[in-house]
$ cat work_34.tsv   # TSV, C-alpha atoms
chain	number	residue	atom	x	y	z
A	1	MET	CA	57.48	-90.80	-21.31
A	2	ALA	CA	59.54	-87.76	-22.18
A	3	ARG	CA	61.04	-87.24	-25.57
A	4	ILE	CA	64.82	-86.78	-25.20
A	5	ILE	CA	66.40	-84.16	-27.45
A	6	VAL	CA	70.14	-83.68	-27.76
A	7	VAL	CA	71.52	-80.37	-29.00
A	8	THR	CA	74.88	-81.21	-30.49
A	9	SER	CA	77.44	-80.01	-33.04
A	10	GLY	CA	80.95	-81.34	-32.55
A	11	LYS	CA	82.46	-77.90	-32.96
A	12	GLY	CA	82.40	-75.40	-30.12
A	13	GLY	CA	80.99	-71.89	-30.21
A	14	VAL	CA	78.33	-72.53	-32.83
A	15	GLY	CA	75.37	-71.90	-30.53
A	16	LYS	CA	74.50	-75.15	-28.74
A	17	THR	CA	73.81	-73.58	-25.37
A	18	THR	CA	71.98	-70.61	-26.89
A	19	THR	CA	69.86	-73.12	-28.80
A	20	SER	CA	69.26	-75.40	-25.80
A	21	ALA	CA	68.13	-72.42	-23.73
A	22	ALA	CA	65.89	-71.05	-26.47
A	23	ILE	CA	64.29	-74.34	-27.44
A	24	SER	CA	63.67	-75.55	-23.90
A	25	MET	CA	62.08	-72.21	-23.04
A	26	GLY	CA	60.04	-72.37	-26.25
A	27	LEU	CA	58.75	-75.86	-25.51
A	28	ALA	CA	57.87	-74.82	-21.95
A	29	LEU	CA	56.07	-71.70	-23.18
A	30	GLN	CA	53.97	-73.96	-25.42
A	31	GLY	CA	52.79	-75.71	-22.28
A	32	HIS	CA	55.10	-78.73	-22.25
A	33	ARG	CA	56.87	-79.69	-19.06
A	34	THR	CA	60.52	-79.40	-20.03
A	35	ALA	CA	63.85	-80.06	-18.34
A	36	VAL	CA	67.13	-78.86	-19.79
A	37	ILE	CA	70.39	-80.52	-18.70
A	38	ASP	CA	73.90	-79.12	-19.00
A	39	PHE	CA	76.26	-81.98	-19.96
A	40	ASP	CA	79.35	-79.76	-20.03
A	41	VAL	CA	80.80	-80.97	-16.74
A	42	GLY	CA	83.68	-78.76	-15.65
A	43	LEU	CA	82.68	-75.87	-17.92
A	44	ARG	CA	79.06	-75.21	-17.10
A	45	ASN	CA	77.42	-72.28	-18.83
A	46	LEU	CA	73.80	-73.12	-19.37
A	47	ASP	CA	72.99	-71.70	-15.92
A	48	LEU	CA	74.39	-68.33	-17.03
A	49	ILE	CA	72.51	-68.29	-20.32
A	50	MET	CA	69.32	-69.25	-18.48
A	51	GLY	CA	69.97	-66.60	-15.84
A	52	CYS	CA	69.86	-68.96	-12.86
A	53	GLU	CA	73.57	-69.07	-11.98
A	54	ARG	CA	73.04	-67.74	-8.46
A	55	ARG	CA	70.45	-70.36	-7.63
A	56	VAL	CA	72.65	-73.40	-8.27
A	57	VAL	CA	72.99	-75.51	-5.13
A	58	TYR	CA	73.29	-79.07	-6.35
A	59	ASP	CA	74.22	-80.28	-9.82
A	60	PHE	CA	73.95	-83.19	-12.27
A	61	VAL	CA	76.97	-85.01	-10.80
A	62	ASN	CA	75.59	-84.68	-7.23
A	63	VAL	CA	72.42	-86.39	-8.43
A	64	ILE	CA	74.32	-89.17	-10.20
A	65	ASN	CA	76.42	-89.78	-7.07
A	66	GLY	CA	73.36	-89.81	-4.84
A	67	GLU	CA	74.49	-86.71	-2.93
A	68	ALA	CA	71.29	-84.87	-3.79
A	69	SER	CA	67.87	-85.79	-5.09
A	70	LEU	CA	66.74	-84.73	-8.52
A	71	ASN	CA	64.16	-82.44	-6.94
A	72	GLN	CA	66.86	-80.70	-4.91
A	73	ALA	CA	69.04	-80.13	-7.97
A	74	LEU	CA	66.42	-79.03	-10.50
A	75	ILE	CA	66.07	-75.24	-10.69
A	76	LYS	CA	62.62	-74.00	-11.53
A	77	ASP	CA	62.64	-71.17	-14.03
A	78	LYS	CA	61.22	-67.92	-12.71
A	79	ARG	CA	59.65	-66.90	-16.01
A	80	CYS	CA	57.97	-70.13	-16.97
A	81	GLU	CA	56.68	-72.68	-14.49
A	82	ASN	CA	57.01	-75.57	-16.96
A	83	LEU	CA	60.77	-75.21	-17.27
A	84	PHE	CA	63.49	-76.72	-15.06
A	85	VAL	CA	67.27	-76.52	-15.36
A	86	LEU	CA	69.71	-79.20	-14.23
A	87	PRO	CA	73.12	-77.52	-14.09
A	88	ALA	CA	76.46	-79.25	-14.71
A	89	SER	CA	79.07	-79.56	-12.04
A	90	GLN	CA	81.77	-76.90	-12.22
A	91	THR	CA	84.36	-78.70	-10.11
A	92	ARG	CA	84.34	-82.30	-11.31
A	93	ASP	CA	85.60	-83.68	-14.58
A	94	LYS	CA	83.83	-85.40	-17.42
A	95	ASP	CA	84.54	-88.86	-16.05
A	96	SER	CA	81.99	-88.21	-13.30
A	97	LEU	CA	79.32	-88.98	-15.85
A	98	THR	CA	78.56	-92.64	-16.41
A	99	VAL	CA	76.21	-94.37	-18.84
A	100	GLU	CA	74.26	-95.88	-15.93
A	101	GLY	CA	74.16	-92.65	-13.94
A	102	VAL	CA	72.94	-90.57	-16.86
A	103	GLY	CA	70.46	-93.29	-17.80
A	104	LYS	CA	68.96	-93.30	-14.32
A	105	VAL	CA	68.54	-89.53	-14.20
A	106	LEU	CA	66.93	-89.47	-17.65
A	107	GLU	CA	64.63	-92.31	-16.73
A	108	THR	CA	63.43	-90.49	-13.62
A	109	LEU	CA	62.98	-87.22	-15.54
A	110	SER	CA	61.05	-89.08	-18.25
A	111	LYS	CA	58.29	-89.91	-15.82
A	112	ASP	CA	57.68	-86.28	-14.93
A	113	PHE	CA	58.45	-84.33	-18.10
A	114	ASP	CA	57.31	-84.12	-21.70
A	115	TYR	CA	60.71	-83.10	-23.07
A	116	VAL	CA	64.26	-83.40	-21.80
A	117	VAL	CA	66.76	-81.22	-23.67
A	118	CYS	CA	70.40	-82.31	-23.36
A	119	ASP	CA	72.89	-79.49	-23.97
A	120	SER	CA	75.98	-81.29	-25.27
A	121	PRO	CA	79.52	-80.03	-24.73
A	122	ALA	CA	81.75	-79.51	-27.78
A	123	GLY	CA	83.99	-82.32	-28.91
A	124	ILE	CA	83.32	-86.03	-29.17
A	125	GLU	CA	84.45	-87.14	-25.75
A	126	ARG	CA	82.52	-88.54	-22.83
A	127	GLY	CA	80.23	-85.59	-22.10
A	128	ALA	CA	79.24	-85.29	-25.74
A	129	THR	CA	78.74	-88.99	-26.35
A	130	LEU	CA	76.69	-89.37	-23.16
A	131	ALA	CA	74.55	-86.34	-24.04
A	132	MET	CA	73.47	-88.05	-27.25
A	133	TYR	CA	73.47	-91.68	-26.05
A	134	TYR	CA	69.83	-91.81	-24.90
A	135	ALA	CA	68.44	-89.30	-27.40
A	136	ASP	CA	65.30	-89.73	-29.46
A	137	ASP	CA	65.91	-86.59	-31.50
A	138	ALA	CA	69.10	-84.71	-32.34
A	139	ILE	CA	69.31	-81.07	-33.25
A	140	VAL	CA	72.62	-80.60	-35.05
A	141	VAL	CA	73.64	-76.97	-34.69
A	142	THR	CA	75.80	-75.87	-37.59
A	143	ASN	CA	77.35	-72.61	-38.75
A	144	PRO	CA	77.67	-72.01	-42.51
A	145	GLU	CA	81.41	-72.49	-42.26
A	146	VAL	CA	83.66	-75.35	-43.34
A	147	SER	CA	84.92	-76.65	-40.00
A	148	SER	CA	81.47	-76.57	-38.44
A	149	VAL	CA	79.89	-78.45	-41.36
A	150	ARG	CA	82.60	-81.08	-41.25
A	151	ASP	CA	82.26	-81.57	-37.49
A	152	SER	CA	78.49	-81.83	-37.84
A	153	ASP	CA	78.93	-84.61	-40.35
A	154	ARG	CA	81.25	-86.38	-37.94
A	155	MET	CA	78.60	-86.05	-35.23
A	156	LEU	CA	76.03	-87.59	-37.58
A	157	GLY	CA	78.28	-90.61	-37.92
A	158	ILE	CA	78.48	-90.92	-34.14
A	159	LEU	CA	74.72	-90.49	-33.71
A	160	ALA	CA	74.18	-93.29	-36.21
A	161	SER	CA	76.60	-95.73	-34.59
A	162	LYS	CA	77.17	-95.00	-30.90
A	163	SER	CA	73.73	-94.17	-29.52
A	164	ARG	CA	71.55	-96.53	-27.55
A	165	ARG	CA	69.09	-96.66	-30.42
A	166	ALA	CA	71.90	-97.71	-32.76
A	167	GLU	CA	73.26	-100.29	-30.33
A	168	GLN	CA	69.85	-101.84	-29.73
A	169	GLY	CA	68.85	-101.75	-33.38
A	170	ASP	CA	65.87	-99.48	-32.67
A	171	GLU	CA	64.55	-96.85	-35.02
A	172	PRO	CA	67.45	-94.39	-35.48
A	173	ILE	CA	67.64	-90.99	-33.80
A	174	LYS	CA	65.73	-88.34	-35.76
A	175	GLU	CA	68.27	-85.79	-36.92
A	176	TYR	CA	67.50	-82.16	-37.61
A	177	LEU	CA	69.70	-79.42	-39.02
A	178	LEU	CA	69.68	-76.03	-37.32
A	179	LEU	CA	71.76	-73.50	-39.19
A	180	THR	CA	72.85	-70.63	-36.94
A	181	ARG	CA	74.70	-67.32	-37.38
A	182	TYR	CA	73.36	-67.10	-40.91
A	183	SER	CA	74.00	-63.92	-42.86
A	184	PRO	CA	71.82	-63.60	-45.99
A	185	GLN	CA	73.88	-60.60	-47.13
A	186	ARG	CA	77.10	-62.58	-47.17
A	187	VAL	CA	75.37	-65.53	-48.84
A	188	LYS	CA	74.19	-63.20	-51.58
A	189	LEU	CA	77.73	-61.96	-52.08
A	190	GLY	CA	78.98	-65.52	-52.40
A	191	GLU	CA	80.98	-65.21	-49.19
A	192	MET	CA	79.02	-67.71	-47.13
A	193	LEU	CA	77.63	-71.19	-47.73
A	194	SER	CA	73.90	-70.96	-48.33
A	195	VAL	CA	71.31	-72.98	-46.47
A	196	ASP	CA	70.82	-75.05	-49.64
A	197	ASP	CA	74.56	-75.73	-49.85
A	198	VAL	CA	74.74	-76.97	-46.26
A	199	GLN	CA	71.62	-79.06	-46.65
A	200	GLU	CA	72.96	-80.59	-49.83
A	201	ILE	CA	76.26	-81.48	-48.17
A	202	LEU	CA	74.78	-82.92	-44.96
A	203	SER	CA	71.46	-84.15	-46.43
A	204	LEU	CA	69.53	-83.43	-43.25
A	205	HIS	CA	66.00	-82.27	-42.57
A	206	LEU	CA	66.13	-78.50	-42.01
A	207	LEU	CA	64.57	-77.49	-38.71
A	208	GLY	CA	65.38	-73.82	-39.07
A	209	VAL	CA	67.79	-71.01	-39.81
A	210	ILE	CA	68.79	-68.53	-37.10
A	211	PRO	CA	70.17	-65.29	-38.52
A	212	GLU	CA	73.35	-63.72	-37.15
A	213	SER	CA	71.85	-61.34	-34.64
A	214	LYS	CA	72.80	-58.82	-32.01
A	215	ALA	CA	69.92	-60.12	-29.96
A	216	VAL	CA	71.87	-63.28	-29.07
A	217	LEU	CA	74.63	-61.44	-27.20
A	218	ASN	CA	72.08	-59.14	-25.59
A	219	ALA	CA	70.18	-62.19	-24.40
A	220	SER	CA	73.21	-63.90	-22.91
A	221	ASN	CA	74.31	-60.63	-21.27
A	222	SER	CA	71.05	-60.49	-19.39
A	223	GLY	CA	70.53	-64.21	-18.80
A	224	ALA	CA	67.26	-64.44	-20.69
A	225	PRO	CA	66.97	-67.04	-23.49
A	226	VAL	CA	66.81	-65.16	-26.79
A	227	ILE	CA	63.42	-66.67	-27.62
A	228	LEU	CA	61.94	-64.36	-24.97
A	229	ASP	CA	63.00	-61.38	-27.09
A	230	ASP	CA	60.05	-61.75	-29.42
A	231	LYS	CA	60.80	-58.51	-31.25
A	232	SER	CA	64.18	-59.81	-32.42
A	233	ASP	CA	64.87	-61.78	-35.59
A	234	ALA	CA	66.70	-64.54	-33.70
A	235	GLY	CA	63.94	-64.78	-31.10
A	236	GLN	CA	61.29	-65.12	-33.78
A	237	ALA	CA	63.38	-67.63	-35.70
A	238	TYR	CA	63.68	-69.80	-32.58
A	239	SER	CA	59.93	-69.58	-31.98
A	240	ASP	CA	59.41	-70.84	-35.53
A	241	VAL	CA	61.87	-73.67	-34.85
A	242	VAL	CA	59.95	-74.80	-31.77
A	243	ARG	CA	56.61	-74.74	-33.57
A	244	ARG	CA	58.12	-76.62	-36.50
A	245	TYR	CA	59.62	-79.21	-34.14
A	246	LEU	CA	56.18	-79.69	-32.61
A	247	GLY	CA	54.78	-80.44	-36.05
A	248	ALA	CA	53.40	-77.12	-37.33
A	249	GLU	CA	54.00	-76.08	-40.92
A	250	VAL	CA	55.91	-72.83	-40.56
A	251	PRO	CA	57.61	-71.25	-43.58
A	252	HIS	CA	61.30	-70.43	-43.19
A	253	ARG	CA	62.09	-66.77	-42.58
A	254	PHE	CA	65.22	-64.60	-42.49
A	255	LEU	CA	66.74	-66.36	-45.51
A	256	GLU	CA	66.75	-63.23	-47.63
A	257	GLU	CA	68.48	-59.93	-47.12
A	258	GLU	CA	66.27	-57.20	-45.75
A	259	ARG	CA	65.30	-54.88	-48.55
A	260	LYS	CA	67.13	-51.60	-48.55
A	261	GLY	CA	66.49	-48.46	-50.53
A	262	LEU	CA	68.66	-47.52	-53.49
A	263	PHE	CA	70.68	-45.18	-51.30
A	264	GLY	CA	71.43	-47.91	-48.80
A	265	ARG	CA	72.48	-50.32	-51.51
A	266	LEU	CA	74.93	-47.93	-53.12
A	267	PHE	CA	76.67	-46.77	-49.98
A	268	LYS	CA	76.63	-49.78	-47.72
B	1	MET	CA	80.47	-54.43	-51.27
B	2	GLY	CA	79.96	-50.92	-52.56
B	3	LEU	CA	80.00	-49.34	-55.98
B	4	LEU	CA	83.77	-49.56	-56.35
B	5	ASP	CA	83.90	-53.32	-55.87
B	6	TYR	CA	81.13	-53.67	-58.39
B	7	PHE	CA	83.22	-52.06	-61.12
B	8	ARG	CA	86.38	-53.88	-60.10
B	9	GLY	CA	84.73	-57.12	-61.06
B	10	SER	CA	84.34	-60.06	-58.73
B	11	ARG	CA	86.80	-62.77	-57.85
B	12	GLN	CA	85.59	-66.32	-57.49
B	13	ALA	CA	83.12	-66.50	-54.68
B	14	SER	CA	84.69	-68.17	-51.68
B	15	ALA	CA	81.46	-69.94	-50.75
B	16	SER	CA	81.57	-72.09	-53.87
B	17	VAL	CA	85.16	-73.05	-53.07
B	18	ALA	CA	84.03	-74.01	-49.57
B	19	LYS	CA	81.20	-76.11	-50.92
B	20	GLU	CA	83.40	-77.99	-53.32
B	21	ARG	CA	86.06	-78.70	-50.70
B	22	LEU	CA	83.46	-79.91	-48.24
B	23	GLN	CA	81.75	-82.17	-50.74
B	24	ILE	CA	84.99	-83.93	-51.56
B	25	LEU	CA	86.13	-84.17	-47.94
B	26	ILE	CA	82.84	-85.41	-46.56
B	27	ALA	CA	82.35	-88.02	-49.28
B	28	HIS	CA	85.81	-89.31	-48.41
B	29	GLU	CA	85.22	-89.31	-44.66
B	30	ARG	CA	81.83	-90.99	-44.98
B	31	ALA	CA	83.31	-93.73	-47.12
B	32	ARG	CA	85.96	-94.37	-44.51
B	33	ARG	CA	83.39	-94.33	-41.73
B	34	THR	CA	81.34	-97.11	-43.27
B	35	THR	CA	84.28	-99.40	-43.91
B	36	PRO	CA	84.92	-102.08	-41.30
B	37	ASP	CA	88.09	-101.93	-39.18
B	38	TYR	CA	89.53	-105.10	-40.62
B	39	LEU	CA	89.81	-103.76	-44.16
B	40	PRO	CA	93.44	-102.54	-44.02
B	41	LYS	CA	94.60	-105.84	-42.53
B	42	LEU	CA	92.62	-107.81	-45.08
B	43	GLN	CA	94.24	-105.74	-47.80
B	44	GLN	CA	97.71	-106.41	-46.40
B	45	GLU	CA	97.17	-110.16	-46.14
B	46	LEU	CA	95.68	-110.41	-49.62
B	47	LEU	CA	98.73	-108.59	-50.92
B	48	GLU	CA	101.01	-111.13	-49.24
B	49	VAL	CA	99.12	-114.02	-50.79
B	50	ILE	CA	99.19	-112.47	-54.25
B	51	ARG	CA	102.91	-111.86	-53.93
B	52	LYS	CA	103.53	-115.55	-53.62
B	53	TYR	CA	102.59	-115.76	-57.29
B	54	VAL	CA	102.99	-112.32	-58.87
B	55	VAL	CA	105.20	-109.34	-58.14
B	56	VAL	CA	102.93	-106.38	-57.48
B	57	ASP	CA	103.39	-102.95	-55.97
B	58	ASP	CA	101.99	-101.95	-52.60
B	59	ASP	CA	99.49	-99.66	-54.23
B	60	ALA	CA	98.38	-102.17	-56.83
B	61	ILE	CA	95.62	-103.44	-54.62
B	62	SER	CA	92.54	-101.69	-53.36
B	63	VAL	CA	89.90	-103.20	-51.14
B	64	THR	CA	86.60	-101.38	-50.86
B	65	MET	CA	83.35	-101.96	-49.09
B	66	GLU	CA	80.22	-100.54	-50.64
B	67	GLN	CA	76.79	-100.59	-49.22
B	68	ASP	CA	73.40	-100.18	-50.76
B	69	GLU	CA	69.95	-100.75	-49.32
B	70	SER	CA	70.02	-104.51	-49.28
B	71	ARG	CA	73.61	-105.71	-49.37
B	72	GLU	CA	77.27	-105.00	-48.82
B	73	ILE	CA	79.73	-105.48	-51.63
B	74	LEU	CA	83.36	-106.22	-50.90
B	75	GLY	CA	85.40	-105.20	-53.90
B	76	VAL	CA	89.01	-106.26	-54.41
B	77	ASN	CA	90.83	-104.65	-57.29
B	78	ILE	CA	94.34	-105.80	-58.17
B	79	VAL	CA	96.35	-104.27	-60.95
B	80	LEU	CA	98.82	-106.76	-62.35
B	81	PRO	CA	102.01	-105.45	-63.89
B	82	GLU	CA	102.28	-105.64	-67.67
B	83	ASN	CA	104.03	-108.54	-69.43
B	84	THR	CA	104.24	-110.81	-66.49
B	85	GLY	CA	103.79	-114.43	-67.00
B	86	SER	CA	101.36	-115.83	-64.57
B	87	ALA	CA	104.11	-117.88	-63.05
B	88	ARG	CA	106.86	-115.36	-62.46
B	89	ALA	CA	107.31	-116.29	-58.85
B	90	ARG	CA	107.27	-119.96	-59.38
$ encode --input "work_34.tsv" --output "structure tokens"
Amino acid sequence: MARIIVVTSGKGGVGKTTTSAAISMGLALQGHRTAVIDFDVGLRNLDLIMGCERRVVYDFVNVINGEASLNQALIKDKRCENLFVLPASQTRDKDSLTVEGVGKVLETLSKDFDYVVCDSPAGIERGATLAMYYADDAIVVTNPEVSSVRDSDRMLGILASKSRRAEQGDEPIKEYLLLTRYSPQRVKLGEMLSVDDVQEILSLHLLGVIPESKAVLNASNSGAPVILDDKSDAGQAYSDVVRRYLGAEVPHRFLEEERKGLFGRLFK
Amino acid sequence: MGLLDYFRGSRQASASVAKERLQILIAHERARRTTPDYLPKLQQELLEVIRKYVVVDDDAISVTMEQDESREILGVNIVLPENTGSARAR
């Protein structure tokens, strides 16, 4: 039985797809068979971030409608044999997804995979609610910024009331906070909410902090999940996140400003 | 921030403003989230019943639902106007 992870946030542009790509690659690199699904029907982008956009033949909606088998639609990653991508449809709309259809696909994937990562679209409409409906774990991606924190809290409410686990009275979805685009410098200047502030407001278990990093744009430019850039701060932070998710005790990094010399501090 | 800003003195840090605003907003939104849908209607009907006996303002009544580990508490708070006999409407 696979563990189903939803990467969600409510707000757009906070790093859900970057995170889905990085974490699914990280889990696969650790030897776990992993599938990552793009739930953003109509606006697919996970394929681009994963670098497999030219290999898309069939998509999630084709599988739900029985127009293609799951095996035909799954794209095997060229860098890691444990990783498969199920792209979203670019031409249909969100109503193509149904609770039953999604449930069937996830059930089939569960037999074959250790982890299924669901990349949620922004918003709280059908695609987003279906992405989280069957989840066991939720990674709530949040920027240290007021609208993102508020939307994350709204998502927490939905996770707690509208998921299958909630409806069936099972153990609730495990929720984790992933703080992205974090700038220790700005936190130090009092210009940005700190990780402690956000944690205090949302009262969530902190899975990790990803620093604001040039590596993220470089990664998406080239279609390689940022976790593969193991020299970069963001890549290393995502590796920590994956190990932490898998149960290892890994201290948090990149929470403090890099030390600069006196000269650098005076004339920044 | 360079040397100049340092001597200019600092304004109130915007992050602490953000935190305070969020704490208030989210407490409010969470409270609303946990209240059942029927609460506003219940409040309206209670008000109508009370008005059969006492003249009260629209905002004189508040109905709240609180939850702790083991139970839910429905609280109804009605502020009666001063110097009314109990039988004004009779």
$ interface_residues --input "work_34.tsv" --of "chain A" --to "chain B" --cutoff "12 Å" --atoms "all atoms listed in the file" --output "PyMOL selection string"
chain A and resi 144-158+160-161+185-203+262-268
$ residues_around --input "work_34.tsv" --residues "B:Ile50" --least-positions-apart "3" --cutoff "12 Å" --atoms "only C-alpha atoms" --output "VMD selection string"
chain B and resid 43 to 47 53 to 58 60 to 61 76 to 80 86 to 89
$ atom_distance --input "work_34.tsv" --atom1 "atom CA of A:Val14" --atom2 "atom CA of A:Asn62"
28.5 Å
$ atom_distance --input "work_34.tsv" --atom1 "atom CA of A:Leu46" --atom2 "atom CA of A:Val242"
18.7 Å
$ atom_distance --input "work_34.tsv" --atom1 "atom CA of A:Gly123" --atom2 "atom CA of A:Ser9"
8.1 Å
$ residues_around --input "work_34.tsv" --residues "A:Ala122" --least-positions-apart "6" --cutoff "8 Å" --atoms "only C-alpha atoms" --output "ChimeraX atom specification"
/A:8-12,128
$ write_last_selection --input "work_34.tsv" --atoms "C-alpha atoms" --output "tab-separated table (two decimals), in the coordinates of the input"
chain	number	residue	atom	x	y	z
A	8	THR	CA	74.88	-81.21	-30.49
A	9	SER	CA	77.44	-80.01	-33.04
A	10	GLY	CA	80.95	-81.34	-32.55
A	11	LYS	CA	82.46	-77.90	-32.96
A	12	GLY	CA	82.40	-75.40	-30.12
A	128	ALA	CA	79.24	-85.29	-25.74
$ decode --input "work_34.tsv" --residues "stretch 30-45 of chain B" --atoms "N, CA, C and O atoms" --output "tab-separated table (two decimals), in the first residue's frame"
chain	number	residue	atom	x	y	z
B	30	ARG	N	-10.86	30.80	12.33
B	30	ARG	CA	-10.98	29.44	12.89
B	30	ARG	C	-12.24	29.30	13.71
B	30	ARG	O	-12.91	28.28	13.67
B	31	ALA	N	-12.57	30.36	14.46
B	31	ALA	CA	-13.77	30.32	15.28
B	31	ALA	C	-14.99	30.16	14.39
B	31	ALA	O	-15.90	29.37	14.68
B	32	ARG	N	-14.99	30.87	13.28
B	32	ARG	CA	-16.14	30.79	12.38
B	32	ARG	C	-16.22	29.42	11.72
B	32	ARG	O	-17.30	28.89	11.48
B	33	ARG	N	-15.04	28.86	11.45
B	33	ARG	CA	-14.99	27.56	10.77
B	33	ARG	C	-15.62	26.46	11.62
B	33	ARG	O	-16.26	25.55	11.12
B	34	THR	N	-15.42	26.56	12.94
B	34	THR	CA	-15.89	25.47	13.80
B	34	THR	C	-17.34	25.64	14.22
B	34	THR	O	-17.91	24.76	14.84
B	35	THR	N	-17.94	26.79	13.85
B	35	THR	CA	-19.34	26.95	14.25
B	35	THR	C	-20.24	26.29	13.21
B	35	THR	O	-19.98	26.37	12.02
B	36	PRO	N	-21.30	25.64	13.69
B	36	PRO	CA	-22.21	24.99	12.75
B	36	PRO	C	-23.00	26.00	11.92
B	36	PRO	O	-23.16	27.15	12.33
B	37	ASP	N	-23.48	25.55	10.76
B	37	ASP	CA	-24.17	26.44	9.83
B	37	ASP	C	-25.45	27.04	10.39
B	37	ASP	O	-25.88	28.10	9.99
B	38	TYR	N	-26.06	26.31	11.33
B	38	TYR	CA	-27.38	26.76	11.78
B	38	TYR	C	-27.32	27.90	12.80
B	38	TYR	O	-28.34	28.44	13.20
B	39	LEU	N	-26.11	28.27	13.20
B	39	LEU	CA	-25.99	29.25	14.29
B	39	LEU	C	-26.65	30.60	14.00
B	39	LEU	O	-27.38	31.12	14.85
B	40	PRO	N	-26.44	31.19	12.80
B	40	PRO	CA	-27.09	32.48	12.55
B	40	PRO	C	-28.61	32.39	12.59
B	40	PRO	O	-29.28	33.29	13.12
B	41	LYS	N	-29.16	31.30	12.09
B	41	LYS	CA	-30.63	31.15	12.08
B	41	LYS	C	-31.14	30.96	13.51
B	41	LYS	O	-32.16	31.53	13.90
B	42	LEU	N	-30.40	30.17	14.26
B	42	LEU	CA	-30.75	29.96	15.66
B	42	LEU	C	-30.78	31.29	16.40
B	42	LEU	O	-31.70	31.60	17.16
B	43	GLN	N	-29.75	32.10	16.12
B	43	GLN	CA	-29.65	33.41	16.76
B	43	GLN	C	-30.85	34.28	16.41
B	43	GLN	O	-31.46	34.91	17.27
B	44	GLN	N	-31.24	34.26	15.14
B	44	GLN	CA	-32.36	35.06	14.67
B	44	GLN	C	-33.67	34.62	15.33
B	44	GLN	O	-34.45	35.44	15.80
B	45	GLU	N	-33.86	33.32	15.41
B	45	GLU	CA	-35.12	32.82	15.98
B	45	GLU	C	-35.20	33.06	17.49
B	45	GLU	O	-36.26	33.38	18.02
